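To be precise, the following lines are final_20.txt, and they hold compact mmCIF, C-alpha atoms.
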# COMPACT_ATOMS: atom_id res chain seq x y z
CA MET J 3 20.45 -6.85 -16.88
CA VAL J 4 20.22 -3.07 -16.38
CA LYS J 5 16.64 -1.91 -15.92
CA LYS J 6 15.70 0.77 -18.43
CA LYS J 7 14.92 4.08 -16.75
CA ALA J 8 11.39 5.28 -17.32
CA SER J 9 11.11 8.38 -19.47
CA PRO J 10 9.76 11.48 -17.70
CA ILE J 11 8.09 12.54 -20.94
CA LYS J 12 4.34 12.10 -20.91
CA SER J 13 1.68 12.69 -23.53
CA TYR J 14 -1.60 14.54 -23.06
CA LYS J 15 -4.48 15.57 -25.27
CA LEU J 16 -5.82 19.03 -26.00
CA LYS J 17 -9.55 19.71 -26.00
CA ASN J 18 -9.61 19.32 -29.79
CA GLY J 19 -8.00 15.89 -29.56
CA ASP J 20 -4.49 16.88 -30.67
CA LEU J 21 -1.62 15.11 -28.92
CA ARG J 22 1.07 17.05 -27.05
CA TYR J 23 4.05 16.11 -24.86
CA GLU J 24 5.38 17.44 -21.55
CA PHE J 25 8.10 16.64 -19.03
CA PRO J 26 9.30 17.77 -15.57
CA ALA J 27 12.83 19.14 -15.46
CA TYR J 28 15.40 19.86 -12.74
CA LEU J 29 17.00 23.26 -13.35
CA GLY J 30 19.66 23.30 -10.68
CA VAL J 31 19.84 25.44 -7.54
CA ASP J 32 18.48 28.97 -7.33
CA PRO J 33 21.43 31.18 -6.19
CA LEU J 34 18.96 33.61 -4.59
CA THR J 35 17.25 31.08 -2.31
CA GLY J 36 19.57 28.07 -2.35
CA LYS J 37 16.60 25.87 -3.20
CA GLN J 38 16.25 23.46 -6.07
CA LYS J 39 14.43 24.77 -9.13
CA ARG J 40 12.06 22.56 -11.06
CA THR J 41 9.65 23.23 -13.88
CA THR J 42 7.35 21.51 -16.34
CA LYS J 43 7.84 22.04 -20.04
CA ARG J 44 4.84 21.29 -22.19
CA GLY J 45 3.28 21.90 -25.58
CA PHE J 46 5.68 19.81 -27.69
CA LYS J 47 4.02 18.50 -30.83
CA THR J 48 6.22 15.40 -31.21
CA LEU J 49 7.99 13.02 -28.85
CA LYS J 50 11.28 13.73 -30.67
CA GLU J 51 10.89 17.47 -30.06
CA ALA J 52 10.29 16.85 -26.35
CA LYS J 53 13.30 14.52 -26.07
CA LEU J 54 15.61 17.07 -27.69
CA ALA J 55 14.40 19.85 -25.39
CA LEU J 56 14.88 17.65 -22.31
CA ALA J 57 18.36 16.61 -23.43
CA ARG J 58 19.42 20.25 -23.95
CA ILE J 59 18.22 21.26 -20.49
CA GLN J 60 19.93 18.29 -18.82
CA LEU J 61 23.20 19.02 -20.63
CA ASP J 62 23.14 22.73 -19.76
CA VAL J 63 22.34 21.99 -16.11
CA ALA J 64 25.14 19.41 -15.93
CA ASN J 65 27.62 21.90 -17.43
CA GLY J 66 26.42 24.71 -15.19
CA THR J 67 25.47 26.80 -18.21
CA TYR J 68 21.71 26.62 -17.91
CA GLN J 69 20.02 29.97 -17.56
CA GLN J 70 16.37 30.24 -16.64
CA GLU J 71 14.80 31.28 -19.88
CA ARG J 72 11.84 33.57 -19.92
CA PRO J 73 8.49 32.13 -21.02
CA GLU J 74 8.49 31.40 -24.72
CA THR J 75 4.98 30.20 -25.49
CA TYR J 76 1.52 31.60 -24.85
CA GLN J 77 0.88 28.60 -22.59
CA GLU J 78 3.93 29.40 -20.44
CA VAL J 79 2.91 33.04 -20.05
CA TYR J 80 -0.64 31.93 -19.24
CA ASP J 81 0.71 29.64 -16.50
CA LEU J 82 2.34 32.66 -14.87
CA TRP J 83 -0.64 34.97 -15.41
CA VAL J 84 -3.24 32.56 -14.05
CA THR J 85 -1.34 32.19 -10.77
CA GLN J 86 -1.67 35.94 -10.19
CA TYR J 87 -5.22 36.10 -11.54
CA GLU J 88 -6.43 33.51 -9.03
CA LYS J 89 -5.53 35.87 -6.18
CA THR J 90 -7.77 38.65 -7.52
CA VAL J 91 -11.14 36.94 -8.10
CA GLU J 92 -13.77 34.74 -6.47
CA GLU J 93 -13.20 31.01 -6.76
CA SER J 94 -16.25 30.60 -9.00
CA SER J 95 -14.97 33.31 -11.38
CA PHE J 96 -11.58 31.62 -11.48
CA VAL J 97 -13.15 28.30 -12.41
CA LYS J 98 -15.21 29.88 -15.22
CA THR J 99 -12.22 31.76 -16.58
CA THR J 100 -9.88 28.77 -16.59
CA GLY J 101 -12.66 26.86 -18.34
CA LEU J 102 -12.67 29.47 -21.12
CA PHE J 103 -8.93 29.09 -21.54
CA ARG J 104 -9.01 25.30 -21.37
CA ASN J 105 -11.85 24.93 -23.87
CA HIS J 106 -11.22 27.73 -26.34
CA ILE J 107 -8.09 29.85 -25.96
CA LEU J 108 -5.24 27.45 -25.14
CA PRO J 109 -6.18 24.87 -27.80
CA SER J 110 -5.93 27.69 -30.35
CA MET J 111 -2.94 29.67 -29.08
CA GLY J 112 -1.16 27.67 -26.39
CA THR J 113 1.80 26.52 -28.48
CA TYR J 114 2.50 29.86 -30.20
CA LYS J 115 5.81 31.59 -29.48
CA ILE J 116 4.77 34.69 -27.60
CA GLU J 117 6.89 37.13 -29.62
CA LYS J 118 5.65 35.67 -32.92
CA ILE J 119 1.96 36.34 -32.29
CA HIS J 120 0.74 39.12 -34.60
CA VAL J 121 -2.57 40.78 -35.41
CA ASP J 122 -3.44 38.40 -38.27
CA ILE J 123 -3.10 35.41 -35.93
CA CYS J 124 -5.31 37.09 -33.34
CA GLN J 125 -7.85 38.10 -35.99
CA LYS J 126 -8.01 34.53 -37.25
CA HIS J 127 -8.88 33.14 -33.83
CA VAL J 128 -11.32 35.92 -32.94
CA ASP J 129 -13.17 35.13 -36.18
CA GLU J 130 -13.19 31.43 -35.27
CA TRP J 131 -14.55 32.16 -31.78
CA ALA J 132 -17.18 34.52 -33.21
CA ALA J 133 -18.39 31.82 -35.58
CA LYS J 134 -19.16 29.35 -32.81
CA LEU J 135 -19.44 31.24 -29.52
CA LYS J 136 -22.17 33.57 -28.36
CA ARG J 137 -19.88 35.46 -25.95
CA PHE J 138 -16.80 35.60 -28.13
CA HIS J 139 -16.10 39.16 -26.96
CA MET J 140 -15.35 37.76 -23.50
CA VAL J 141 -13.07 35.07 -24.89
CA LYS J 142 -11.11 37.66 -26.85
CA ALA J 143 -10.85 39.90 -23.79
CA TYR J 144 -9.37 37.12 -21.64
CA ALA J 145 -7.00 36.00 -24.39
CA ALA J 146 -5.73 39.59 -24.54
CA LYS J 147 -5.17 39.72 -20.76
CA VAL J 148 -2.36 37.17 -21.06
CA LEU J 149 -0.57 39.32 -23.65
CA ASN J 150 -1.05 42.40 -21.45
CA PHE J 151 0.64 40.43 -18.69
CA ALA J 152 3.49 39.63 -21.09
CA ILE J 153 3.90 43.36 -21.80
CA LYS J 154 4.13 44.15 -18.07
CA ARG J 155 6.83 41.51 -17.71
CA GLY J 156 8.78 42.87 -20.66
CA TYR J 157 8.36 39.78 -22.86
CA ILE J 158 6.69 41.72 -25.69
CA GLN J 159 6.14 45.38 -26.51
CA THR J 160 2.57 45.59 -27.84
CA ASN J 161 -0.65 43.60 -27.71
CA PRO J 162 -1.85 42.61 -31.20
CA PHE J 163 -5.36 41.96 -29.89
CA THR J 164 -5.85 45.74 -29.61
CA HIS J 165 -5.78 45.97 -33.42
CA VAL J 166 -8.30 43.20 -34.11
CA ASP J 167 -11.52 44.08 -35.93
CA MET J 168 -14.39 42.64 -33.94
CA PRO J 169 -16.97 40.78 -36.06
CA THR J 170 -20.54 42.03 -35.95
CA SER J 171 -23.19 39.99 -34.17
CA ALA J 172 -24.72 39.11 -37.53
CA SER J 173 -21.63 37.13 -38.50
CA LYS J 174 -21.65 34.82 -35.51
CA LYS J 175 -23.37 31.49 -35.41
CA ALA J 176 -25.84 32.15 -32.62
CA THR J 177 -27.73 29.37 -30.92
CA ALA J 178 -30.73 31.62 -30.50
CA THR J 179 -32.08 34.73 -32.20
CA ASP J 180 -32.42 38.08 -30.49
CA GLU J 181 -36.16 37.49 -30.37
CA ASP J 182 -35.62 34.15 -28.64
CA GLU J 183 -33.40 35.80 -26.06
CA ALA J 184 -36.05 38.43 -25.38
CA GLU J 185 -38.56 35.69 -24.62
CA ASN J 186 -36.81 34.46 -21.46
CA PHE J 187 -39.52 35.84 -19.17
CA TYR J 188 -43.21 35.37 -18.48
CA THR J 189 -46.01 37.88 -18.84
CA ARG J 190 -48.21 38.49 -15.81
CA GLU J 191 -50.78 35.95 -17.04
CA GLN J 192 -48.12 33.34 -17.89
CA LEU J 193 -46.51 33.68 -14.46
CA ILE J 194 -49.84 33.25 -12.68
CA LYS J 195 -50.55 30.10 -14.71
CA PHE J 196 -47.03 28.74 -14.14
CA LEU J 197 -47.25 29.13 -10.36
CA SER J 198 -50.82 27.79 -10.32
CA CYS J 199 -49.74 24.63 -12.16
CA LEU J 200 -46.71 24.25 -9.92
CA GLU J 201 -48.90 24.52 -6.83
CA GLN J 202 -50.87 21.49 -8.01
CA GLU J 203 -47.75 19.35 -7.97
CA SER J 204 -46.61 17.42 -4.89
CA ASN J 205 -43.26 19.25 -4.75
CA TYR J 206 -43.99 22.10 -2.31
CA LYS J 207 -40.30 22.92 -1.99
CA ALA J 208 -40.10 23.63 -5.73
CA TYR J 209 -43.30 25.69 -5.59
CA THR J 210 -41.93 27.77 -2.71
CA LEU J 211 -38.58 28.30 -4.41
CA PHE J 212 -40.03 29.40 -7.75
CA ARG J 213 -42.59 31.61 -6.03
CA LEU J 214 -39.77 33.27 -4.08
CA LEU J 215 -37.65 33.76 -7.20
CA ALA J 216 -40.55 35.27 -9.13
CA PHE J 217 -41.63 37.63 -6.33
CA SER J 218 -38.17 38.68 -5.12
CA GLY J 219 -36.14 38.82 -8.34
CA MET J 220 -33.18 37.31 -6.49
CA ARG J 221 -30.60 35.17 -8.25
CA LYS J 222 -30.93 31.39 -7.97
CA GLY J 223 -27.57 31.12 -6.19
CA GLU J 224 -28.73 33.69 -3.64
CA ALA J 225 -31.93 31.73 -2.97
CA LEU J 226 -30.12 28.42 -2.57
CA ALA J 227 -27.80 29.97 0.06
CA LEU J 228 -30.65 31.40 2.17
CA THR J 229 -31.13 30.32 5.78
CA TRP J 230 -34.24 30.93 7.85
CA LYS J 231 -32.30 33.57 9.80
CA ASP J 232 -32.28 35.67 6.63
CA LEU J 233 -36.08 36.04 6.79
CA ASN J 234 -37.94 38.40 9.09
CA PHE J 235 -41.57 37.32 9.20
CA THR J 236 -42.46 40.30 11.40
CA THR J 237 -41.34 42.98 8.96
CA ASN J 238 -41.69 40.86 5.77
CA GLU J 239 -38.04 41.51 4.94
CA LEU J 240 -35.48 39.31 3.27
CA ARG J 241 -31.74 39.78 3.77
CA ILE J 242 -29.62 38.76 0.76
CA ASN J 243 -25.93 38.65 1.69
CA LYS J 244 -24.51 35.45 0.16
CA ALA J 245 -24.82 33.08 -2.78
CA LEU J 246 -24.20 29.44 -3.59
CA SER J 247 -21.60 28.93 -6.28
CA ARG J 248 -19.47 26.22 -7.84
CA GLY J 249 -15.72 26.26 -7.25
CA LYS J 250 -12.73 24.04 -7.87
CA ASP J 251 -13.26 20.32 -8.40
CA ASN J 252 -16.95 21.04 -9.04
CA LYS J 253 -17.57 21.62 -5.33
CA LEU J 254 -20.31 23.92 -4.08
CA TYR J 255 -19.43 26.73 -1.69
CA VAL J 256 -21.03 29.87 -0.29
CA LYS J 257 -19.59 33.23 -1.30
CA SER J 258 -20.67 36.86 -1.21
CA THR J 259 -23.33 38.09 -3.62
CA LYS J 260 -22.34 38.67 -7.25
CA THR J 261 -21.74 42.36 -6.60
CA GLY J 262 -20.27 41.79 -3.14
CA VAL J 263 -22.96 44.01 -1.64
CA ALA J 264 -25.70 42.79 0.72
CA ARG J 265 -29.25 44.08 0.32
CA THR J 266 -32.53 43.87 2.24
CA ILE J 267 -35.79 43.72 0.28
CA LYS J 268 -39.44 43.82 1.24
CA MET J 269 -41.65 40.83 0.42
CA ASP J 270 -45.41 40.51 -0.05
CA ASP J 271 -47.66 38.88 2.55
CA ASN J 272 -48.67 35.91 0.37
CA THR J 273 -45.11 34.85 -0.47
CA MET J 274 -44.13 35.09 3.19
CA ALA J 275 -47.18 32.97 4.09
CA ILE J 276 -46.08 30.33 1.58
CA LEU J 277 -42.59 30.35 3.13
CA LYS J 278 -44.15 29.84 6.58
CA VAL J 279 -46.05 26.81 5.29
CA TRP J 280 -42.85 25.42 3.77
CA LYS J 281 -40.98 25.93 7.04
CA LYS J 282 -43.51 23.77 8.87
CA LYS J 283 -43.58 21.19 6.11
CA GLN J 284 -39.78 21.12 5.95
CA LYS J 285 -39.65 20.42 9.69
CA GLN J 286 -41.97 17.42 9.28
CA ASP J 287 -40.40 16.06 6.07
CA TYR J 288 -36.84 16.31 7.30
CA LEU J 289 -37.61 14.91 10.73
CA VAL J 290 -38.51 11.69 8.91
CA LEU J 291 -35.08 11.83 7.28
CA GLY J 292 -33.45 12.31 10.69
CA PHE J 293 -32.71 16.04 10.53
CA ASN J 294 -33.62 18.83 12.93
CA THR J 295 -34.42 21.85 10.78
CA LEU J 296 -34.68 24.19 13.79
CA GLN J 297 -30.91 24.64 13.85
CA PRO J 298 -29.66 28.28 13.65
CA LYS J 299 -28.11 27.96 10.17
CA GLN J 300 -30.80 25.77 8.62
CA LEU J 301 -31.04 26.22 4.86
CA ILE J 302 -34.45 27.15 3.48
CA PHE J 303 -33.86 24.95 0.44
CA SER J 304 -31.68 21.87 1.01
CA ASN J 305 -31.32 18.41 -0.51
CA GLU J 306 -32.24 15.05 1.03
CA LEU J 307 -29.03 15.12 3.08
CA ASN J 308 -29.96 18.58 4.38
CA GLU J 309 -27.01 20.06 2.48
CA HIS J 310 -26.85 22.58 -0.34
CA MET J 311 -28.94 21.68 -3.35
CA GLN J 312 -27.30 21.19 -6.73
CA PRO J 313 -28.19 24.33 -8.76
CA THR J 314 -29.00 22.12 -11.76
CA LYS J 315 -31.97 20.65 -9.86
CA THR J 316 -34.15 23.66 -10.61
CA ARG J 317 -33.85 23.08 -14.36
CA LYS J 318 -35.37 19.60 -13.99
CA TRP J 319 -38.19 21.00 -11.87
CA ILE J 320 -39.07 23.87 -14.20
CA LEU J 321 -38.92 21.74 -17.35
CA HIS J 322 -41.17 19.12 -15.75
CA VAL J 323 -44.00 21.54 -15.02
CA GLN J 324 -43.58 23.37 -18.35
CA ASP J 325 -43.79 20.13 -20.32
CA LYS J 326 -46.63 18.63 -18.26
CA TYR J 327 -48.88 21.68 -18.54
CA GLU J 328 -47.65 22.84 -21.99
CA LEU J 329 -46.44 26.18 -20.68
CA GLY J 330 -44.08 28.64 -22.31
CA THR J 331 -40.43 27.72 -21.77
CA ILE J 332 -38.15 29.98 -19.76
CA THR J 333 -35.12 29.23 -17.61
CA THR J 334 -34.94 29.55 -13.85
CA HIS J 335 -33.01 32.79 -14.38
CA GLY J 336 -35.92 33.90 -16.55
CA LEU J 337 -37.96 34.35 -13.36
CA ARG J 338 -35.54 37.11 -12.38
CA HIS J 339 -36.15 38.79 -15.74
CA THR J 340 -39.88 38.23 -15.21
CA HIS J 341 -39.77 40.00 -11.86
CA CYS J 342 -37.85 42.88 -13.39
CA SER J 343 -40.23 43.25 -16.34
CA LEU J 344 -43.35 43.12 -14.18
CA LEU J 345 -41.87 45.66 -11.78
CA PHE J 346 -41.55 48.06 -14.70
CA GLU J 347 -45.11 47.27 -15.80
CA ALA J 348 -46.29 48.01 -12.26
CA GLY J 349 -44.71 51.46 -12.49
CA ALA J 350 -41.46 50.98 -10.55
CA SER J 351 -38.62 53.35 -11.41
CA LEU J 352 -35.24 52.30 -12.79
CA LYS J 353 -33.61 53.12 -9.46
CA GLU J 354 -36.14 51.07 -7.50
CA VAL J 355 -35.64 48.05 -9.75
CA GLN J 356 -31.86 48.46 -9.64
CA ASP J 357 -31.83 48.44 -5.84
CA ARG J 358 -34.20 45.49 -5.55
CA LEU J 359 -32.30 43.30 -8.01
CA GLY J 360 -28.90 44.28 -6.64
CA HIS J 361 -27.40 45.74 -9.81
CA THR J 362 -24.34 47.92 -9.18
CA ASP J 363 -24.54 49.31 -12.72
CA ILE J 364 -27.85 50.81 -13.79
CA GLN J 365 -27.00 49.86 -17.37
CA THR J 366 -27.62 46.23 -16.40
CA THR J 367 -31.10 47.20 -15.23
CA MET J 368 -31.70 49.14 -18.44
CA ASN J 369 -30.66 46.12 -20.52
CA ILE J 370 -33.30 44.00 -18.80
CA TYR J 371 -35.76 46.85 -19.27
CA THR J 372 -35.59 46.13 -23.01
CA HIS J 373 -37.15 42.74 -22.20
CA VAL J 374 -40.46 44.20 -21.04
CA THR J 375 -43.55 42.44 -22.29
CA GLN J 376 -45.55 43.30 -25.39
CA GLN J 377 -48.31 44.66 -23.19
CA ALA J 378 -45.93 47.22 -21.70
CA LYS J 379 -44.75 48.23 -25.17
CA GLU J 380 -48.32 48.69 -26.36
CA GLU J 381 -49.21 50.72 -23.27
CA ALA J 382 -46.19 52.95 -23.86
CA ILE J 383 -47.29 53.93 -27.39
CA LEU J 384 -50.88 54.44 -26.19
CA LYS J 385 -49.65 56.81 -23.48
CA PHE J 386 -47.62 58.66 -26.13
CA ALA J 387 -50.55 58.92 -28.54
CA ASN J 388 -52.91 60.08 -25.79
CA TYR J 389 -50.39 62.70 -24.72
CA ILE J 390 -49.96 64.06 -28.25
CA GLU J 391 -53.76 63.90 -28.82
CA MET J 392 -53.61 63.28 -32.54

What would the structure in this file look like if it were written as structure tokens?
Amino acid sequence: MVKKKASPIKSYKLKNGDLRYEFPAYLGVDPLTGKQKRTTKRGFKTLKEAKLALARIQLDVANGTYQQERPETYQEVYDLWVTQYEKTVEESSFVKTTGLFRNHILPSMGTYKIEKIHVDICQKHVDEWAAKLKRFHMVKAYAAKVLNFAIKRGYIQTNPFTHVDMPTSASKKATATDEDEAENFYTREQLIKFLSCLEQESNYKAYTLFRLLAFSGMRKGEALALTWKDLNFTTNELRINKALSRGKDNKLYVKSTKTGVARTIKMDDNTMAILKVWKKKQKQDYLVLGFNTLQPKQLIFSNELNEHMQPTKTRKWILHVQDKYELGTITTHGLRHTHCSLLFEAGASLKEVQDRLGHTDIQTTMNIYTHVTQQAKEEAILKFANYIEM
């Protein structure tokens, strides 16, 4: 009895649950290199459609008439584009971008014939993204990049995304109001209470980390990548030249700062004193666990295995103290906004805040400036009224 040959056609599911089919195919020998050419064809809606496509390719290859066709679908162009894109960005950015495509763009547009995509199709999906996504502008921008790539390769002539009318923010289904977004920071009094409550807890590592974030304005990823060599207790300076990020396969790795530029900032005496206490406590605590924390590249904040902490850990810590002491709720990143707002309240200039927070674009600093506390807003109008003297 002849054993039936297994079909190379496999099924897979899109993010929305729809079923699609794919298969690997041998395309013959490349006359330019003399090497075998293989590819994967995917996006077929039915098994019959996939079988017919495979049969055509096999017949053409056998007859010597197969010609490498140019990409036909959005998915196929994306597969070419993403290979080039990966070479131009940080690993963490690549992971985030491919996540956007996997979750939102490819389920919507992946099977479209590239030359058949028109402005009405693009408008339809932009409206869909706007209805459910807060950052739909970014999704649209990345979706358009693939079509720009297709133009460069001569597959299409124009990009229909350039003619899309972008929905206003009022039309999107936001998960939070503008007022809610503006609340992601503490006032001076709220910050003092937050740190005071945190100090009462038994988690001195968490207290030190949140104190450092609030008094330095550094990003969480930058703090979690710090080693003791980055601190100068003599000059009270902190060198920020790297950040912890998440890359492929969900693995943590250390990269350059978000802007790619290192910076050195001054710290206050009290925060540096707290860091000194933590350094001594870390030495004792980790010695029990079998680790020598006096090594040259010792992390300031590490997990129980003396390796990089999971960035999600800080969310559990901050929610615990906020719930226990009935404090206002902000995110860990909100401490960066807090630092920025309180710097402005203390009289720092835009340029000073920009340099301290490591913003390459002053517009970013100005955007956070709009998050200053109510006290600062009230003081501003009082200064104005006093100046006018009316």

**Request:** Rank J:Leu197, J:Leu233, J:Leu384, J:Leu21 by their smallest atom-to-atom distance to Gln300 of chain J, using all atoms listed in the file, and report the top residue only.
**Result:**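 Ranking J:Leu197, J:Leu233, J:Leu384, J:Leu21 by distance to Gln300 of chain J, first place goes to J:Leu233.
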
**Item:** Separation of atom CA of Lys126 of chain J from atom CA of Leu108 of chain J, in Å and rounded to one decimal
**Value:**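 Distance between the two atoms: 14.3 Å.
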
**Prompt:** Which residues come within 12 Å of Glu201 of chain J, counting all atoms listed in the file, excluding same-chain residues fewer than 4 positions away, as number ranges by chain?
**Reply:** J: 194-197, 205-213, 276, 323

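Restricting the calculation to only C-alpha atoms, the smallest distance between His341 of chain J and any of J:Val31, J:Met274, J:Leu215, J:Leu289 is found for J:Leu215.
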
**Prompt:** To one decimal place, how far is atom CA of Lys154 of chain J from atom CA of Thr90 of chain J in Å?
**Reply:**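 Taking atom CA of Lys154 of chain J and atom CA of Thr90 of chain J, their separation equals 16.8 Å.
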
Using all atoms listed in the file, what does the table of segment 122-155 of chain J residues within 12 Å of segment 51-74 of chain J look like, with each row giving the shortest atom pair and its distance in Å to one decimal, sorted by chain and ascending number, as a Markdown table?
| residue | atom | partner | partner_atom | distance |
| --- | --- | --- | --- | --- |
| J:Val148 | CA | J:Pro73 | CA | 12.0 |
| J:Leu149 | CA | J:Pro73 | CA | 11.9 |
| J:Phe151 | CA | J:Pro73 | CA | 11.7 |
| J:Ala152 | CA | J:Pro73 | CA | 9.0 |
| J:Arg155 | CA | J:Arg72 | CA | 9.6 |

**Item:** Straight-line distance linking atom CA of Asn186 of chain J with atom CA of Cys199 of chain J, stated in Å to one decimal
**Value:**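 These two atoms are separated by 18.7 Å.
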
**Message:** Between J:Ala348, J:Leu193, J:Val263, J:Cys124, which residue has the minimum interatomic distance to Glu224 of chain J, considering all atoms listed in the file?
**Reply:**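 Among J:Ala348, J:Leu193, J:Val263, J:Cys124, it is J:Val263 that comes nearest to Glu224 of chain J.
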
**Request:** Pick out the residues sitting within 8 Å of segment 75-88 of chain J, and hand them over as a list in words; count all atoms listed in the file, and ignore anything fewer than 3 positions along from it in its own chain.
**Result:**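 With the cut-off at 8 Å, the set is Gly45, Val91, Glu92, Glu93, Phe96, Leu108, Met111, Gly112, Thr113, Tyr114, Lys115, Ile116, Val148, Phe151 and Ala152 of chain J.
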
**Request:** Please provide the set of residues having any atom within 8 Å of Arg22 of chain J, restricted to all atoms listed in the file, with same-chain residues fewer than 4 positions apart removed, written as a list in words.
**Result:**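 Residues near the query, excluding close chain neighbours: Ser13, Tyr14, Lys15, Leu16, Arg44, Gly45, Phe46, Lys47 and Thr48 of chain J.
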
**Asked** For Lys281 of chain J, which residue among J:Arg190, J:Lys326, J:Lys231, J:His310 is the nearest when counting all atoms listed in the file?
**Response**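 When distances to Lys281 of chain J are compared using all atoms listed in the file, the smallest one comes from J:Lys231.
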
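For the set J:Ile302, J:Leu359, J:Ile107, J:Leu226, the residue with the smallest atom-to-atom gap to Ala143 of chain J is J:Ile107, counting all atoms listed in the file.
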